[in-house]
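The structure appears right after this line, and notes come after that.
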Amino acid sequence: MEARRVGSLRWYGVLLVRVAALVMTGVVLQTAGSAAWNDHVLGLRGEPDRGTVVAVRHTSPGRADRVEVDTARFGGTAWVTTPRKDLDVGDTVDVVVDPRDPARAELAGDGWPWRQIVIPLTGLLLVAVFVGRYGRWREPEPPTDADELVRGGAT
């Protein structure tokens, strides 16, 4: 009876890990898809503009910074993810803004947002491979007579 209880607790643990993995998959896909969609839309209907940096959130080296830019012609601010580390509050920058949605913008010359797309999807692929390989839940199989013969225990 105790073995069955331990097995069911293990099953709940595996279920919890899989649900968490599913939620994280959704978050990663939404983030990467949103970055790709924003880049696509700005490529189709984005218009160049000058903007002023209002706020900067510096991150660790190798990670993209978050910059709030106030666009002059379209009015309003937009948070932009950029690999540039040389921006400070008050700097004037060239931006590409969606006239239909001024909150959708990017700094001119930043290029394709590979950090927001490729890196999360690569991480998701690695997690899927390792969880798929090592995350399988199986009931322990009882030893058979053949196992005993191999070990030399039965004659």
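Simple scheme: letters A, B, ... for chains in structure tokens order, numbers from 1 for residues in each chain, numbers from 1 for ligands in the order shown.
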Practice problem: Run DSSP on the backbone and give me the residues of stretch 29-137 of chain A it puts in alpha helix (DSSP H), as a PyMOL selection string. | Solution: chain A and resi 29-45+114-134
Expected file contents, prior selection, N, CA and C atoms, as a compact mmCIF listing (two decimals), in the first residue's frame:
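Full text of again00.txt as output:
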# COMPACT_ATOMS: atom_id res chain seq x y z
N LEU A 29 6.94 31.19 -26.21
CA LEU A 29 6.39 31.32 -27.56
C LEU A 29 5.72 32.67 -27.77
N GLN A 30 5.02 33.15 -26.75
CA GLN A 30 4.36 34.45 -26.85
C GLN A 30 5.39 35.57 -26.96
N THR A 31 6.45 35.49 -26.18
CA THR A 31 7.49 36.52 -26.21
C THR A 31 8.21 36.54 -27.56
N ALA A 32 8.62 35.38 -28.03
CA ALA A 32 9.33 35.30 -29.31
C ALA A 32 8.40 35.69 -30.47
N GLY A 33 7.16 35.21 -30.42
CA GLY A 33 6.21 35.55 -31.48
C GLY A 33 5.89 37.03 -31.51
N SER A 34 5.77 37.64 -30.35
CA SER A 34 5.49 39.07 -30.27
C SER A 34 6.64 39.89 -30.84
N ALA A 35 7.87 39.51 -30.53
CA ALA A 35 9.03 40.23 -31.07
C ALA A 35 9.10 40.09 -32.59
N ALA A 36 8.84 38.90 -33.10
CA ALA A 36 8.85 38.69 -34.55
C ALA A 36 7.73 39.47 -35.22
N TRP A 37 6.55 39.48 -34.61
CA TRP A 37 5.41 40.19 -35.19
C TRP A 37 5.66 41.70 -35.20
N ASN A 38 6.19 42.23 -34.10
CA ASN A 38 6.48 43.67 -34.04
C ASN A 38 7.49 44.06 -35.11
N ASP A 39 8.52 43.26 -35.31
CA ASP A 39 9.51 43.55 -36.33
C ASP A 39 8.88 43.51 -37.72
N HIS A 40 8.01 42.54 -37.94
CA HIS A 40 7.33 42.43 -39.24
C HIS A 40 6.44 43.63 -39.50
N VAL A 41 5.64 44.02 -38.52
CA VAL A 41 4.72 45.16 -38.69
C VAL A 41 5.50 46.46 -38.91
N LEU A 42 6.57 46.64 -38.14
CA LEU A 42 7.36 47.86 -38.33
C LEU A 42 8.05 47.87 -39.69
N GLY A 43 8.39 46.70 -40.22
CA GLY A 43 8.97 46.63 -41.56
C GLY A 43 7.97 47.02 -42.63
N LEU A 44 6.67 46.73 -42.39
CA LEU A 44 5.64 47.05 -43.37
C LEU A 44 5.17 48.50 -43.30
N ARG A 45 4.86 48.98 -42.10
CA ARG A 45 4.25 50.30 -42.01
C ARG A 45 4.95 51.26 -41.06
N TRP A 114 17.01 39.24 -32.96
CA TRP A 114 17.37 37.83 -32.78
C TRP A 114 17.48 37.45 -31.32
N ARG A 115 17.86 38.38 -30.46
CA ARG A 115 17.97 38.04 -29.04
C ARG A 115 16.62 37.72 -28.42
N GLN A 116 15.58 38.38 -28.89
CA GLN A 116 14.24 38.13 -28.35
C GLN A 116 13.56 36.94 -29.02
N ILE A 117 14.12 36.44 -30.11
CA ILE A 117 13.48 35.34 -30.84
C ILE A 117 14.32 34.06 -30.76
N VAL A 118 15.54 34.11 -31.21
CA VAL A 118 16.36 32.90 -31.33
C VAL A 118 16.77 32.34 -29.97
N ILE A 119 17.23 33.20 -29.07
CA ILE A 119 17.71 32.71 -27.78
C ILE A 119 16.60 32.02 -26.98
N PRO A 120 15.40 32.62 -26.83
CA PRO A 120 14.35 31.90 -26.09
C PRO A 120 13.93 30.59 -26.77
N LEU A 121 13.83 30.60 -28.10
CA LEU A 121 13.42 29.38 -28.79
C LEU A 121 14.49 28.29 -28.69
N THR A 122 15.76 28.67 -28.69
CA THR A 122 16.83 27.69 -28.50
C THR A 122 16.77 27.10 -27.10
N GLY A 123 16.55 27.96 -26.11
CA GLY A 123 16.39 27.47 -24.74
C GLY A 123 15.20 26.54 -24.62
N LEU A 124 14.10 26.88 -25.28
CA LEU A 124 12.91 26.02 -25.26
C LEU A 124 13.21 24.67 -25.89
N LEU A 125 13.95 24.66 -26.98
CA LEU A 125 14.31 23.41 -27.64
C LEU A 125 15.18 22.55 -26.72
N LEU A 126 16.16 23.16 -26.06
CA LEU A 126 17.01 22.40 -25.14
C LEU A 126 16.22 21.82 -23.98
N VAL A 127 15.32 22.61 -23.42
CA VAL A 127 14.48 22.10 -22.32
C VAL A 127 13.60 20.96 -22.81
N ALA A 128 13.04 21.09 -24.00
CA ALA A 128 12.19 20.02 -24.54
C ALA A 128 12.98 18.73 -24.74
N VAL A 129 14.21 18.86 -25.21
CA VAL A 129 15.03 17.66 -25.42
C VAL A 129 15.35 17.00 -24.10
N PHE A 130 15.79 17.78 -23.11
CA PHE A 130 16.19 17.19 -21.84
C PHE A 130 15.00 16.69 -21.03
N VAL A 131 13.88 17.42 -21.05
CA VAL A 131 12.69 16.96 -20.33
C VAL A 131 12.12 15.73 -21.03
N GLY A 132 12.15 15.74 -22.35
CA GLY A 132 11.64 14.59 -23.08
C GLY A 132 12.48 13.35 -22.86
N ARG A 133 13.78 13.54 -22.69
CA ARG A 133 14.67 12.39 -22.52
C ARG A 133 14.68 11.88 -21.08
N TYR A 134 14.76 12.81 -20.13
CA TYR A 134 14.92 12.41 -18.73
C TYR A 134 13.65 12.59 -17.89
Quiz item: What is the distance, in Å and to one decimal place, between atom CA of A:Trp79 and atom CA of A:Ala20?
Solution: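 Atom-to-atom, atom CA of A:Trp79 to atom CA of A:Ala20, that is 28.6 Å.
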Practice problem: Using only C-alpha atoms, pick whichever of A:Asp70, A:Asp49, A:Asp65, A:Asp88 has the shortest atom-to-atom distance to A:Ala108. | Solution: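 For A:Ala108, the nearest of the candidates is A:Asp49.
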Exercise. Within 12 Å of stretch 46-48 of chain A, counting only C-alpha atoms, which residues show up once you throw out same-chain ones fewer than 2 positions away? Write them as a PyMOL selection string, please.
Key: chain A and resi 38-44+50-51+71-74+93-109
Any chance you could export the current selection's N, CA, C and O atoms as a short mmCIF file (atom, residue, chain, number, x, y, z; two decimals), in the first residue's frame?
data_model
loop_
_atom_site.label_atom_id
_atom_site.label_comp_id
_atom_site.auth_asym_id
_atom_site.auth_seq_id
_atom_site.Cartn_x
_atom_site.Cartn_y
_atom_site.Cartn_z
N ASN A 38 6.19 42.23 -34.10
CA ASN A 38 6.48 43.67 -34.04
C ASN A 38 7.49 44.06 -35.11
O ASN A 38 7.34 45.09 -35.77
N ASP A 39 8.52 43.26 -35.31
CA ASP A 39 9.51 43.55 -36.33
C ASP A 39 8.88 43.51 -37.72
O ASP A 39 9.17 44.36 -38.57
N HIS A 40 8.01 42.54 -37.94
CA HIS A 40 7.33 42.43 -39.24
C HIS A 40 6.44 43.63 -39.50
O HIS A 40 6.48 44.22 -40.59
N VAL A 41 5.64 44.02 -38.52
CA VAL A 41 4.72 45.16 -38.69
C VAL A 41 5.50 46.46 -38.91
O VAL A 41 5.14 47.27 -39.76
N LEU A 42 6.57 46.64 -38.14
CA LEU A 42 7.36 47.86 -38.33
C LEU A 42 8.05 47.87 -39.69
O LEU A 42 8.26 48.93 -40.28
N GLY A 43 8.39 46.70 -40.22
CA GLY A 43 8.97 46.63 -41.56
C GLY A 43 7.97 47.02 -42.63
O GLY A 43 8.33 47.57 -43.66
N LEU A 44 6.67 46.73 -42.39
CA LEU A 44 5.64 47.05 -43.37
C LEU A 44 5.17 48.50 -43.30
O LEU A 44 5.07 49.16 -44.33
N ARG A 50 12.40 61.02 -34.98
CA ARG A 50 13.41 61.33 -33.98
C ARG A 50 12.75 61.20 -32.62
O ARG A 50 11.60 61.57 -32.44
N GLY A 51 13.49 60.66 -31.67
CA GLY A 51 12.95 60.50 -30.33
C GLY A 51 13.97 60.90 -29.29
O GLY A 51 15.18 60.96 -29.55
N THR A 71 8.57 59.84 -28.67
CA THR A 71 8.59 60.16 -30.10
C THR A 71 7.99 61.54 -30.31
O THR A 71 6.95 61.88 -29.75
N ALA A 72 8.65 62.34 -31.12
CA ALA A 72 8.25 63.73 -31.31
C ALA A 72 6.99 63.85 -32.17
O ALA A 72 6.00 64.46 -31.77
N ARG A 73 6.99 63.24 -33.34
CA ARG A 73 5.90 63.44 -34.28
C ARG A 73 4.64 62.69 -33.90
O ARG A 73 3.53 63.17 -34.11
N PHE A 74 4.78 61.50 -33.30
CA PHE A 74 3.61 60.68 -33.01
C PHE A 74 3.10 60.86 -31.58
O PHE A 74 2.04 60.38 -31.24
N VAL A 93 17.64 59.96 -30.49
CA VAL A 93 17.87 58.75 -31.27
C VAL A 93 16.90 58.70 -32.45
O VAL A 93 15.85 59.34 -32.44
N ASP A 94 17.30 57.96 -33.48
CA ASP A 94 16.40 57.70 -34.60
C ASP A 94 15.57 56.46 -34.27
O ASP A 94 16.12 55.44 -33.84
N VAL A 95 14.26 56.55 -34.46
CA VAL A 95 13.36 55.44 -34.16
C VAL A 95 12.49 55.17 -35.38
O VAL A 95 12.31 56.02 -36.24
N VAL A 96 11.95 53.96 -35.43
CA VAL A 96 10.94 53.58 -36.42
C VAL A 96 9.67 53.32 -35.62
O VAL A 96 9.66 52.50 -34.70
N VAL A 97 8.59 54.04 -35.96
CA VAL A 97 7.36 54.00 -35.18
C VAL A 97 6.21 53.57 -36.08
O VAL A 97 6.11 53.99 -37.23
N ASP A 98 5.32 52.75 -35.53
CA ASP A 98 4.08 52.38 -36.21
C ASP A 98 3.08 53.51 -35.99
O ASP A 98 2.69 53.78 -34.86
N PRO A 99 2.65 54.21 -37.07
CA PRO A 99 1.74 55.35 -36.88
C PRO A 99 0.38 54.93 -36.31
O PRO A 99 -0.29 55.72 -35.65
N ARG A 100 -0.03 53.69 -36.55
CA ARG A 100 -1.31 53.22 -36.00
C ARG A 100 -1.21 52.87 -34.52
O ARG A 100 -2.21 52.88 -33.81
N ASP A 101 -0.01 52.52 -34.07
CA ASP A 101 0.22 52.15 -32.67
C ASP A 101 1.59 52.69 -32.25
O ASP A 101 2.59 51.99 -32.34
N PRO A 102 1.63 53.95 -31.79
CA PRO A 102 2.93 54.56 -31.46
C PRO A 102 3.70 53.85 -30.35
O PRO A 102 4.90 54.06 -30.20
N ALA A 103 3.05 52.98 -29.59
CA ALA A 103 3.76 52.21 -28.57
C ALA A 103 4.63 51.12 -29.20
O ALA A 103 5.50 50.56 -28.54
N ARG A 104 4.39 50.80 -30.47
CA ARG A 104 5.21 49.81 -31.20
C ARG A 104 6.30 50.57 -31.93
O ARG A 104 6.05 51.28 -32.89
N ALA A 105 7.51 50.42 -31.42
CA ALA A 105 8.64 51.16 -32.01
C ALA A 105 9.92 50.36 -31.81
O ALA A 105 9.96 49.41 -31.01
N GLU A 106 10.94 50.74 -32.54
CA GLU A 106 12.28 50.17 -32.37
C GLU A 106 13.29 51.23 -32.78
O GLU A 106 12.97 52.15 -33.52
N LEU A 107 14.49 51.10 -32.26
CA LEU A 107 15.54 52.04 -32.66
C LEU A 107 15.99 51.71 -34.08
O LEU A 107 16.17 50.54 -34.43
N ALA A 108 16.17 52.74 -34.87
CA ALA A 108 16.61 52.55 -36.25
C ALA A 108 18.02 51.97 -36.24
O ALA A 108 18.87 52.40 -35.47
N GLY A 109 18.25 50.98 -37.06
CA GLY A 109 19.57 50.38 -37.18
C GLY A 109 19.84 49.24 -36.23
O GLY A 109 20.93 48.66 -36.26
#
Practice problem: Provide the atom CA of A:Glu68 to atom CA of A:Asp91 distance in Å, to one decimal place. | Solution: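 Straight-line distance from atom CA of A:Glu68 to atom CA of A:Asp91 works out to 11.1 Å.
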Practice problem: For A:Val89, please output as a list in words all residues within 8 Å (counting only C-alpha atoms; exclusion window: fewer than 5 positions along the same chain). | Solution: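 Contacts, in chain order: Thr52, Val53, Val54, Ala55 and Val56 of chain A.
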Write a file of the just-selected residues containing N, CA, C and O atoms, as a PDB file, in the first residue's frame.
ATOM      1  N   THR A  52      13.470  61.137 -28.088  1.00  0.00           N
ATOM      2  CA  THR A  52      14.325  61.484 -26.960  1.00  0.00           C
ATOM      3  C   THR A  52      14.236  60.379 -25.925  1.00  0.00           C
ATOM      4  O   THR A  52      13.133  59.937 -25.581  1.00  0.00           O
ATOM      5  N   VAL A  53      15.379  59.950 -25.446  1.00  0.00           N
ATOM      6  CA  VAL A  53      15.411  58.903 -24.422  1.00  0.00           C
ATOM      7  C   VAL A  53      14.922  59.501 -23.106  1.00  0.00           C
ATOM      8  O   VAL A  53      15.474  60.490 -22.622  1.00  0.00           O
ATOM      9  N   VAL A  54      13.870  58.889 -22.541  1.00  0.00           N
ATOM     10  CA  VAL A  54      13.276  59.366 -21.301  1.00  0.00           C
ATOM     11  C   VAL A  54      13.780  58.553 -20.111  1.00  0.00           C
ATOM     12  O   VAL A  54      14.011  59.088 -19.032  1.00  0.00           O
ATOM     13  N   ALA A  55      13.946  57.250 -20.304  1.00  0.00           N
ATOM     14  CA  ALA A  55      14.408  56.374 -19.224  1.00  0.00           C
ATOM     15  C   ALA A  55      15.200  55.218 -19.827  1.00  0.00           C
ATOM     16  O   ALA A  55      14.941  54.808 -20.958  1.00  0.00           O
ATOM     17  N   VAL A  56      16.155  54.699 -19.046  1.00  0.00           N
ATOM     18  CA  VAL A  56      16.978  53.580 -19.488  1.00  0.00           C
ATOM     19  C   VAL A  56      17.053  52.574 -18.353  1.00  0.00           C
ATOM     20  O   VAL A  56      17.313  52.938 -17.214  1.00  0.00           O
TER      21      VAL A  56
END
Quiz item: Please, what distance in Å, to one decimal, runs between atom CA of A:Ala78 and atom CA of A:Val27?
Solution: 21.7 Å
Self-check item: strand (DSSP E or B) call set, DSSP backbone run, stretch 88-121 of chain A, as a ChimeraX atom specification
Solution: /A:92-98,101-107
Mind dumping the selected residues with C-alpha atoms as a tab-separated table (two decimals), in the first residue's frame?
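Listed below is the output, result04.tsv:
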chain	number	residue	atom	x	y	z
A	92	THR	CA	18.31	61.93	-29.23
A	93	VAL	CA	17.87	58.75	-31.27
A	94	ASP	CA	16.40	57.70	-34.60
A	95	VAL	CA	13.36	55.44	-34.16
A	96	VAL	CA	10.94	53.58	-36.42
A	97	VAL	CA	7.36	54.00	-35.18
A	98	ASP	CA	4.08	52.38	-36.21
A	101	ASP	CA	0.22	52.15	-32.67
A	102	PRO	CA	2.93	54.56	-31.46
A	103	ALA	CA	3.76	52.21	-28.57
A	104	ARG	CA	5.21	49.81	-31.20
A	105	ALA	CA	8.64	51.16	-32.01
A	106	GLU	CA	12.28	50.17	-32.37
A	107	LEU	CA	15.54	52.04	-32.66
